Amino acid sequence: MQTLHTLLTLKKLYLLRALGVKYCNPQPPIYTQDSFKINNPANLQKLIQECQLCPQKSSIPHIGLYNLKSKITFLSLSPILDIQLRFTSKNSQMLKKIIENVLLLSLKEVSILSLLKCEIPKISQHQCYQSCKNYLFKQLEFSENKLIVLLGQEVYEFFCDDKTPYENLQGKSLKWGDFLLFPTFSLTQLLRQPQLKIQAHQEFLTLKGYL
């Protein structure tokens, strides 16, 4: 029975590869703290709100827009929405337009999460991510969707712990454990270089095909 299951899994993986899905080395989440042995999203939210793990412990953590039944998760390095989940920044307003006008989804159908749960100075980001990542992985574990959009090269390198040239991966689907990743432009990059929006639009149309 185990052999049959393995063969069926391999068949599925080869089919995905034939359809253009690429693979990267999975870095499965490791929960090392007793506090992460929870099975309730509400408890997780409380745990994030009360976080005291890193030097930014005086900051207010951002849970993000977290819909357990979302179809897709957008993942940024730092929080995009404000603490009241409002789309007040130019980055967040651009993402809202992509979600509603290109992907034709409502905000209730998506999750918008960040690797770092607070606004972290660049010099401390790698250190603080080691504290934040268990929160993120637990959020992903509770969510039903397995499609994650990585908004920029930094997000990919943090999340996958991989230094593969980003131009070789961008705009393509990647199998990562149980998840399907879709690396694309960061929102800041699109705001600074509006000439990239044509390519970005094509990438989001490709992404739409996975919904």
# chains A, B, ... in the order shown; residues from 1 in each chain; ligands from 1

call {"tool": "residues_around", "arguments": {"residues": "segment 104-109 of chain A", "least_positions_apart": "3", "cutoff": "8 Å", "atoms": "only C-alpha atoms", "output": "ChimeraX atom specification"}}
result
/A:67,69-72,96,99-101

call {"tool": "write_last_selection", "arguments": {"atoms": "N, CA, C and O atoms", "output": "PDB file, in the first residue's frame"}}
result
ATOM      1  N   ASN A  67      -7.815  35.347   6.694  1.00  0.00           N
ATOM      2  CA  ASN A  67      -9.064  34.629   6.454  1.00  0.00           C
ATOM      3  C   ASN A  67      -8.771  33.140   6.340  1.00  0.00           C
ATOM      4  O   ASN A  67      -8.050  32.712   5.419  1.00  0.00           O
ATOM      5  N   LYS A  69     -10.449  30.703   5.358  1.00  0.00           N
ATOM      6  CA  LYS A  69     -10.955  30.052   4.147  1.00  0.00           C
ATOM      7  C   LYS A  69     -10.560  30.817   2.883  1.00  0.00           C
ATOM      8  O   LYS A  69     -11.237  30.725   1.853  1.00  0.00           O
ATOM      9  N   SER A  70      -9.478  31.559   2.945  1.00  0.00           N
ATOM     10  CA  SER A  70      -9.041  32.339   1.784  1.00  0.00           C
ATOM     11  C   SER A  70      -8.586  31.422   0.656  1.00  0.00           C
ATOM     12  O   SER A  70      -8.186  30.278   0.881  1.00  0.00           O
ATOM     13  N   LYS A  71      -8.630  31.943  -0.563  1.00  0.00           N
ATOM     14  CA  LYS A  71      -8.188  31.194  -1.740  1.00  0.00           C
ATOM     15  C   LYS A  71      -6.706  31.397  -2.012  1.00  0.00           C
ATOM     16  O   LYS A  71      -6.088  30.609  -2.733  1.00  0.00           O
ATOM     17  N   ILE A  72      -6.146  32.478  -1.466  1.00  0.00           N
ATOM     18  CA  ILE A  72      -4.767  32.838  -1.794  1.00  0.00           C
ATOM     19  C   ILE A  72      -4.201  33.692  -0.665  1.00  0.00           C
ATOM     20  O   ILE A  72      -4.943  34.436  -0.007  1.00  0.00           O
ATOM     21  N   LYS A  96      -4.651  46.094  -3.270  1.00  0.00           N
ATOM     22  CA  LYS A  96      -6.114  46.005  -3.285  1.00  0.00           C
ATOM     23  C   LYS A  96      -6.639  46.040  -4.726  1.00  0.00           C
ATOM     24  O   LYS A  96      -7.546  45.281  -5.093  1.00  0.00           O
ATOM     25  N   ILE A  99      -5.929  42.660  -6.400  1.00  0.00           N
ATOM     26  CA  ILE A  99      -6.846  41.631  -5.912  1.00  0.00           C
ATOM     27  C   ILE A  99      -8.220  41.767  -6.563  1.00  0.00           C
ATOM     28  O   ILE A  99      -8.793  40.789  -7.055  1.00  0.00           O
ATOM     29  N   GLU A 100      -8.744  42.990  -6.572  1.00  0.00           N
ATOM     30  CA  GLU A 100     -10.120  43.194  -7.016  1.00  0.00           C
ATOM     31  C   GLU A 100     -10.256  43.325  -8.531  1.00  0.00           C
ATOM     32  O   GLU A 100     -11.218  42.821  -9.115  1.00  0.00           O
ATOM     33  N   ASN A 101      -9.277  43.994  -9.169  1.00  0.00           N
ATOM     34  CA  ASN A 101      -9.433  44.312 -10.591  1.00  0.00           C
ATOM     35  C   ASN A 101      -8.754  43.320 -11.528  1.00  0.00           C
ATOM     36  O   ASN A 101      -9.160  43.190 -12.684  1.00  0.00           O
TER      37      ASN A 101
END

call {"tool": "select_by_dssp", "arguments": {"residues": "segment 9-163 of chain A", "states": "helix (DSSP H, G or I)", "output": "PyMOL selection string"}}
result
chain A and resi 9-18+34-36+41-49+90-102+107-109+122-142+153-160

call {"tool": "residues_around", "arguments": {"residues": "Leu75 of chain A", "least_positions_apart": "6", "cutoff": "12 Å", "atoms": "only C-alpha atoms", "output": "short mmCIF file (atom, residue, chain, number, x, y, z; two decimals) with all heavy atoms, in the first residue's frame"}}
result
data_model
loop_
_atom_site.label_atom_id
_atom_site.label_comp_id
_atom_site.auth_asym_id
_atom_site.auth_seq_id
_atom_site.Cartn_x
_atom_site.Cartn_y
_atom_site.Cartn_z
N GLY A 64 -2.24 40.83 10.50
CA GLY A 64 -2.51 40.82 9.07
C GLY A 64 -3.98 40.51 8.79
O GLY A 64 -4.76 40.22 9.70
N LEU A 65 -4.34 40.57 7.53
CA LEU A 65 -5.68 40.18 7.10
C LEU A 65 -5.66 38.66 6.95
O LEU A 65 -5.03 38.12 6.04
CB LEU A 65 -6.02 40.85 5.76
CG LEU A 65 -7.40 40.52 5.17
CD1 LEU A 65 -8.51 40.99 6.09
CD2 LEU A 65 -7.55 41.15 3.79
N TYR A 66 -6.32 37.99 7.86
CA TYR A 66 -6.17 36.54 7.98
C TYR A 66 -7.53 35.87 7.87
O TYR A 66 -8.30 35.85 8.82
CB TYR A 66 -5.51 36.23 9.33
CG TYR A 66 -5.18 34.77 9.56
CD1 TYR A 66 -4.65 33.99 8.54
CD2 TYR A 66 -5.38 34.19 10.80
CE1 TYR A 66 -4.34 32.66 8.75
CE2 TYR A 66 -5.07 32.87 11.04
CZ TYR A 66 -4.56 32.10 10.00
OH TYR A 66 -4.26 30.78 10.21
N LEU A 81 -0.75 46.45 5.68
CA LEU A 81 -1.91 47.14 6.22
C LEU A 81 -1.57 47.77 7.56
O LEU A 81 -0.60 47.36 8.22
CB LEU A 81 -3.07 46.16 6.39
CG LEU A 81 -3.42 45.29 5.18
CD1 LEU A 81 -4.61 44.41 5.50
CD2 LEU A 81 -3.68 46.14 3.96
N LEU A 95 -2.05 46.80 -3.99
CA LEU A 95 -2.40 45.39 -3.81
C LEU A 95 -3.91 45.20 -3.87
O LEU A 95 -4.40 44.22 -4.46
CB LEU A 95 -1.84 44.87 -2.49
CG LEU A 95 -2.11 43.40 -2.18
CD1 LEU A 95 -1.56 42.50 -3.29
CD2 LEU A 95 -1.51 43.02 -0.83
N VAL A 110 -9.08 36.48 0.43
CA VAL A 110 -7.62 36.50 0.45
C VAL A 110 -7.12 36.67 1.88
O VAL A 110 -7.84 37.11 2.77
CB VAL A 110 -7.05 37.63 -0.43
CG1 VAL A 110 -7.61 37.55 -1.84
CG2 VAL A 110 -7.34 39.00 0.18
N SER A 111 -5.87 36.31 2.07
CA SER A 111 -5.13 36.65 3.29
C SER A 111 -3.94 37.51 2.89
O SER A 111 -3.33 37.28 1.84
CB SER A 111 -4.65 35.39 4.01
OG SER A 111 -5.74 34.68 4.57
N ILE A 112 -3.62 38.50 3.71
CA ILE A 112 -2.47 39.37 3.48
C ILE A 112 -1.62 39.32 4.75
O ILE A 112 -1.97 39.93 5.77
CB ILE A 112 -2.89 40.81 3.15
CG1 ILE A 112 -3.81 40.83 1.92
CG2 ILE A 112 -1.66 41.68 2.91
CD1 ILE A 112 -4.39 42.20 1.60
N LEU A 113 -0.53 38.58 4.69
CA LEU A 113 0.32 38.36 5.86
C LEU A 113 1.72 38.90 5.61
O LEU A 113 2.09 39.23 4.48
CB LEU A 113 0.38 36.86 6.17
CG LEU A 113 -0.96 36.13 6.36
CD1 LEU A 113 -0.73 34.65 6.63
CD2 LEU A 113 -1.77 36.76 7.47
N SER A 114 2.52 38.95 6.67
CA SER A 114 3.89 39.43 6.54
C SER A 114 4.83 38.51 7.31
O SER A 114 4.45 37.89 8.31
CB SER A 114 4.02 40.86 7.08
OG SER A 114 3.61 40.93 8.43
N LEU A 115 6.08 38.42 6.83
CA LEU A 115 7.08 37.62 7.52
C LEU A 115 7.39 38.22 8.89
O LEU A 115 7.53 37.50 9.86
CB LEU A 115 8.37 37.54 6.69
CG LEU A 115 8.47 36.44 5.65
CD1 LEU A 115 7.46 36.66 4.53
CD2 LEU A 115 9.87 36.38 5.06
N LEU A 116 7.54 39.53 8.92
CA LEU A 116 7.81 40.25 10.16
C LEU A 116 6.50 40.81 10.68
O LEU A 116 5.75 41.43 9.93
CB LEU A 116 8.82 41.38 9.92
CG LEU A 116 10.18 40.95 9.35
CD1 LEU A 116 10.99 42.16 8.93
CD2 LEU A 116 10.95 40.11 10.36
N LYS A 117 6.22 40.61 11.93
CA LYS A 117 4.93 41.01 12.48
C LYS A 117 4.93 42.45 13.02
O LYS A 117 3.88 42.96 13.40
CB LYS A 117 4.52 40.05 13.61
CG LYS A 117 4.32 38.61 13.13
CD LYS A 117 3.35 38.53 11.96
CE LYS A 117 3.11 37.10 11.51
NZ LYS A 117 2.28 37.03 10.28
N LEU A 136 4.06 32.91 11.60
CA LEU A 136 3.64 32.84 10.20
C LEU A 136 3.34 31.41 9.78
O LEU A 136 2.29 31.13 9.17
CB LEU A 136 4.72 33.44 9.30
CG LEU A 136 4.50 33.24 7.79
CD1 LEU A 136 3.24 33.97 7.34
CD2 LEU A 136 5.71 33.70 7.00
N PHE A 137 4.23 30.48 10.08
CA PHE A 137 4.02 29.10 9.68
C PHE A 137 2.76 28.52 10.33
O PHE A 137 2.05 27.72 9.72
CB PHE A 137 5.23 28.23 10.03
CG PHE A 137 6.41 28.45 9.14
CD1 PHE A 137 7.68 28.60 9.66
CD2 PHE A 137 6.25 28.53 7.77
CE1 PHE A 137 8.78 28.81 8.83
CE2 PHE A 137 7.34 28.73 6.93
CZ PHE A 137 8.61 28.87 7.47
N GLN A 139 0.10 30.32 11.13
CA GLN A 139 -1.01 30.91 10.37
C GLN A 139 -1.26 30.13 9.08
O GLN A 139 -2.41 29.85 8.73
CB GLN A 139 -0.70 32.38 10.05
CG GLN A 139 -0.85 33.33 11.22
CD GLN A 139 -0.54 34.77 10.84
OE1 GLN A 139 0.50 35.05 10.22
NE2 GLN A 139 -1.42 35.68 11.20
N LEU A 140 -0.20 29.79 8.38
CA LEU A 140 -0.34 29.04 7.14
C LEU A 140 -0.89 27.64 7.40
O LEU A 140 -1.66 27.10 6.61
CB LEU A 140 1.01 28.95 6.43
CG LEU A 140 1.60 30.28 5.94
CD1 LEU A 140 2.99 30.06 5.36
CD2 LEU A 140 0.69 30.93 4.91
N LEU A 147 -1.89 28.33 -1.77
CA LEU A 147 -1.29 29.16 -2.81
C LEU A 147 -0.77 30.45 -2.17
O LEU A 147 -1.54 31.22 -1.60
CB LEU A 147 -2.32 29.48 -3.89
CG LEU A 147 -1.88 30.41 -5.03
CD1 LEU A 147 -0.65 29.86 -5.76
CD2 LEU A 147 -3.03 30.61 -6.01
N ILE A 148 0.53 30.68 -2.25
CA ILE A 148 1.16 31.82 -1.59
C ILE A 148 1.89 32.68 -2.61
O ILE A 148 2.75 32.17 -3.35
CB ILE A 148 2.16 31.36 -0.51
CG1 ILE A 148 1.47 30.44 0.50
CG2 ILE A 148 2.77 32.56 0.20
CD1 ILE A 148 2.43 29.85 1.52
N VAL A 149 1.57 33.96 -2.65
CA VAL A 149 2.26 34.91 -3.52
C VAL A 149 3.36 35.59 -2.72
O VAL A 149 3.09 36.22 -1.69
CB VAL A 149 1.28 35.98 -4.07
CG1 VAL A 149 2.01 36.93 -5.00
CG2 VAL A 149 0.12 35.31 -4.79
N LEU A 150 4.59 35.45 -3.17
CA LEU A 150 5.74 36.06 -2.50
C LEU A 150 6.03 37.41 -3.16
O LEU A 150 6.42 37.46 -4.32
CB LEU A 150 6.96 35.15 -2.60
CG LEU A 150 6.75 33.71 -2.08
CD1 LEU A 150 8.03 32.90 -2.24
CD2 LEU A 150 6.30 33.72 -0.63
N LEU A 151 5.83 38.48 -2.42
CA LEU A 151 5.95 39.82 -2.98
C LEU A 151 7.38 40.34 -2.89
O LEU A 151 7.73 41.14 -2.03
CB LEU A 151 4.98 40.77 -2.26
CG LEU A 151 3.49 40.43 -2.45
CD1 LEU A 151 2.63 41.28 -1.53
CD2 LEU A 151 3.08 40.63 -3.90
N GLY A 152 8.23 39.84 -3.77
CA GLY A 152 9.59 40.36 -3.89
C GLY A 152 10.68 39.37 -3.52
O GLY A 152 10.45 38.35 -2.86
N GLN A 153 11.88 39.69 -3.97
CA GLN A 153 13.03 38.81 -3.78
C GLN A 153 13.36 38.58 -2.30
O GLN A 153 13.68 37.45 -1.89
CB GLN A 153 14.26 39.40 -4.49
CG GLN A 153 15.51 38.56 -4.37
CD GLN A 153 16.66 39.11 -5.19
OE1 GLN A 153 16.46 39.96 -6.05
NE2 GLN A 153 17.85 38.62 -4.94
N GLU A 154 13.30 39.64 -1.49
CA GLU A 154 13.61 39.48 -0.07
C GLU A 154 12.67 38.48 0.59
O GLU A 154 13.10 37.68 1.41
CB GLU A 154 13.52 40.83 0.64
CG GLU A 154 14.71 41.74 0.43
CD GLU A 154 14.62 42.98 1.30
OE1 GLU A 154 13.61 43.69 1.23
OE2 GLU A 154 15.57 43.22 2.06
N VAL A 155 11.41 38.54 0.23
CA VAL A 155 10.44 37.62 0.82
C VAL A 155 10.80 36.19 0.45
O VAL A 155 10.79 35.28 1.30
CB VAL A 155 9.01 37.95 0.34
CG1 VAL A 155 8.02 36.94 0.88
CG2 VAL A 155 8.62 39.36 0.78
N TYR A 156 11.15 35.96 -0.82
CA TYR A 156 11.52 34.61 -1.25
C TYR A 156 12.75 34.11 -0.48
O TYR A 156 12.77 32.98 0.01
CB TYR A 156 11.81 34.58 -2.75
CG TYR A 156 12.34 33.24 -3.21
CD1 TYR A 156 11.47 32.17 -3.42
CD2 TYR A 156 13.70 33.02 -3.36
CE1 TYR A 156 11.95 30.92 -3.79
CE2 TYR A 156 14.19 31.78 -3.74
CZ TYR A 156 13.32 30.73 -3.95
OH TYR A 156 13.80 29.50 -4.30
N PHE A 158 14.01 35.05 2.44
CA PHE A 158 13.71 34.80 3.85
C PHE A 158 12.91 33.51 3.99
O PHE A 158 13.25 32.63 4.78
CB PHE A 158 12.89 35.96 4.42
CG PHE A 158 13.70 37.09 5.01
CD1 PHE A 158 14.34 38.00 4.20
CD2 PHE A 158 13.79 37.26 6.38
CE1 PHE A 158 15.06 39.05 4.72
CE2 PHE A 158 14.51 38.30 6.93
CZ PHE A 158 15.15 39.21 6.10
N PHE A 159 11.83 33.42 3.23
CA PHE A 159 10.86 32.35 3.41
C PHE A 159 11.41 30.99 3.01
O PHE A 159 11.19 29.99 3.70
CB PHE A 159 9.61 32.67 2.59
CG PHE A 159 8.45 31.76 2.83
CD1 PHE A 159 7.75 31.81 4.02
CD2 PHE A 159 8.05 30.84 1.86
CE1 PHE A 159 6.66 30.97 4.26
CE2 PHE A 159 6.98 30.00 2.09
CZ PHE A 159 6.28 30.05 3.29
N LEU A 181 4.07 28.13 -4.41
CA LEU A 181 4.54 29.50 -4.27
C LEU A 181 4.55 30.19 -5.63
O LEU A 181 4.81 29.57 -6.66
CB LEU A 181 5.96 29.53 -3.70
CG LEU A 181 6.22 28.75 -2.41
CD1 LEU A 181 7.68 28.94 -1.97
CD2 LEU A 181 5.26 29.16 -1.31
N PHE A 182 4.30 31.50 -5.61
CA PHE A 182 4.35 32.28 -6.83
C PHE A 182 5.13 33.57 -6.55
O PHE A 182 4.59 34.54 -6.04
CB PHE A 182 2.94 32.62 -7.33
CG PHE A 182 2.92 33.18 -8.73
CD1 PHE A 182 2.87 32.34 -9.83
CD2 PHE A 182 2.98 34.55 -8.94
CE1 PHE A 182 2.86 32.86 -11.12
CE2 PHE A 182 2.98 35.08 -10.23
CZ PHE A 182 2.92 34.23 -11.32
N PRO A 183 6.45 33.57 -6.85
CA PRO A 183 7.26 34.77 -6.62
C PRO A 183 6.98 35.83 -7.68
O PRO A 183 6.93 35.53 -8.88
CB PRO A 183 8.70 34.26 -6.74
CG PRO A 183 8.61 32.76 -6.79
CD PRO A 183 7.26 32.45 -7.32
N THR A 184 6.83 37.08 -7.26
CA THR A 184 6.60 38.17 -8.20
C THR A 184 7.28 39.44 -7.68
O THR A 184 8.07 39.39 -6.74
CB THR A 184 5.09 38.38 -8.43
OG1 THR A 184 4.89 39.33 -9.48
CG2 THR A 184 4.38 38.84 -7.17
N PHE A 185 6.96 40.57 -8.28
CA PHE A 185 7.56 41.83 -7.87
C PHE A 185 7.11 42.23 -6.47
O PHE A 185 6.01 41.89 -6.03
CB PHE A 185 7.14 42.95 -8.84
CG PHE A 185 7.69 42.82 -10.23
CD1 PHE A 185 6.89 42.36 -11.26
CD2 PHE A 185 9.00 43.18 -10.51
CE1 PHE A 185 7.38 42.25 -12.55
CE2 PHE A 185 9.50 43.06 -11.79
CZ PHE A 185 8.69 42.60 -12.82
N SER A 186 7.96 43.00 -5.80
CA SER A 186 7.50 43.66 -4.57
C SER A 186 6.67 44.87 -4.97
O SER A 186 6.86 45.45 -6.05
CB SER A 186 8.69 44.10 -3.71
OG SER A 186 9.36 45.20 -4.30
N LEU A 187 5.76 45.25 -4.12
CA LEU A 187 4.91 46.41 -4.40
C LEU A 187 5.73 47.69 -4.44
O LEU A 187 5.47 48.58 -5.27
CB LEU A 187 3.81 46.51 -3.34
CG LEU A 187 2.87 45.30 -3.28
CD1 LEU A 187 1.96 45.37 -2.07
CD2 LEU A 187 2.06 45.18 -4.56
#

call {"tool": "closest_residue", "arguments": {"among": "A:Ala200, A:Leu85, A:Leu191, A:Cys128", "to": "Gln170 of chain A", "atoms": "only C-alpha atoms"}}
result
A:Ala200

call {"tool": "atom_distance", "arguments": {"atom1": "atom CA of Gln189 of chain A", "atom2": "atom CA of Leu207 of chain A"}}
result
18.6 Å

call {"tool": "closest_residue", "arguments": {"among": "A:Pro61, A:Gly209, A:Pro121, A:Pro194", "to": "Tyr135 of chain A", "atoms": "only C-alpha atoms"}}
result
A:Pro61

call {"tool": "select_by_dssp", "arguments": {"residues": "segment 5-203 of chain A", "states": "strand (DSSP E or B)", "output": "list of chain:residue names"}}
result
A:Lys22, A:Tyr23, A:Leu65, A:Ile72, A:Thr73, A:Phe74, A:Leu75, A:Ser76, A:Val110, A:Ser111, A:Ile112, A:Leu113, A:Ser114, A:Leu147, A:Ile148, A:Val149, A:Leu150, A:Leu151, A:Leu174, A:Lys175, A:Trp176, A:Phe179, A:Leu180, A:Leu181, A:Phe182, A:Pro183, A:Thr184

call {"tool": "closest_residue", "arguments": {"among": "A:Cys160, A:Val102, A:Met94, A:Leu190", "to": "Gly177 of chain A", "atoms": "only C-alpha atoms"}}
result
A:Cys160

call {"tool": "atom_distance", "arguments": {"atom1": "atom CA of Asn91 of chain A", "atom2": "atom CA of Ala42 of chain A"}}
result
27.8 Å
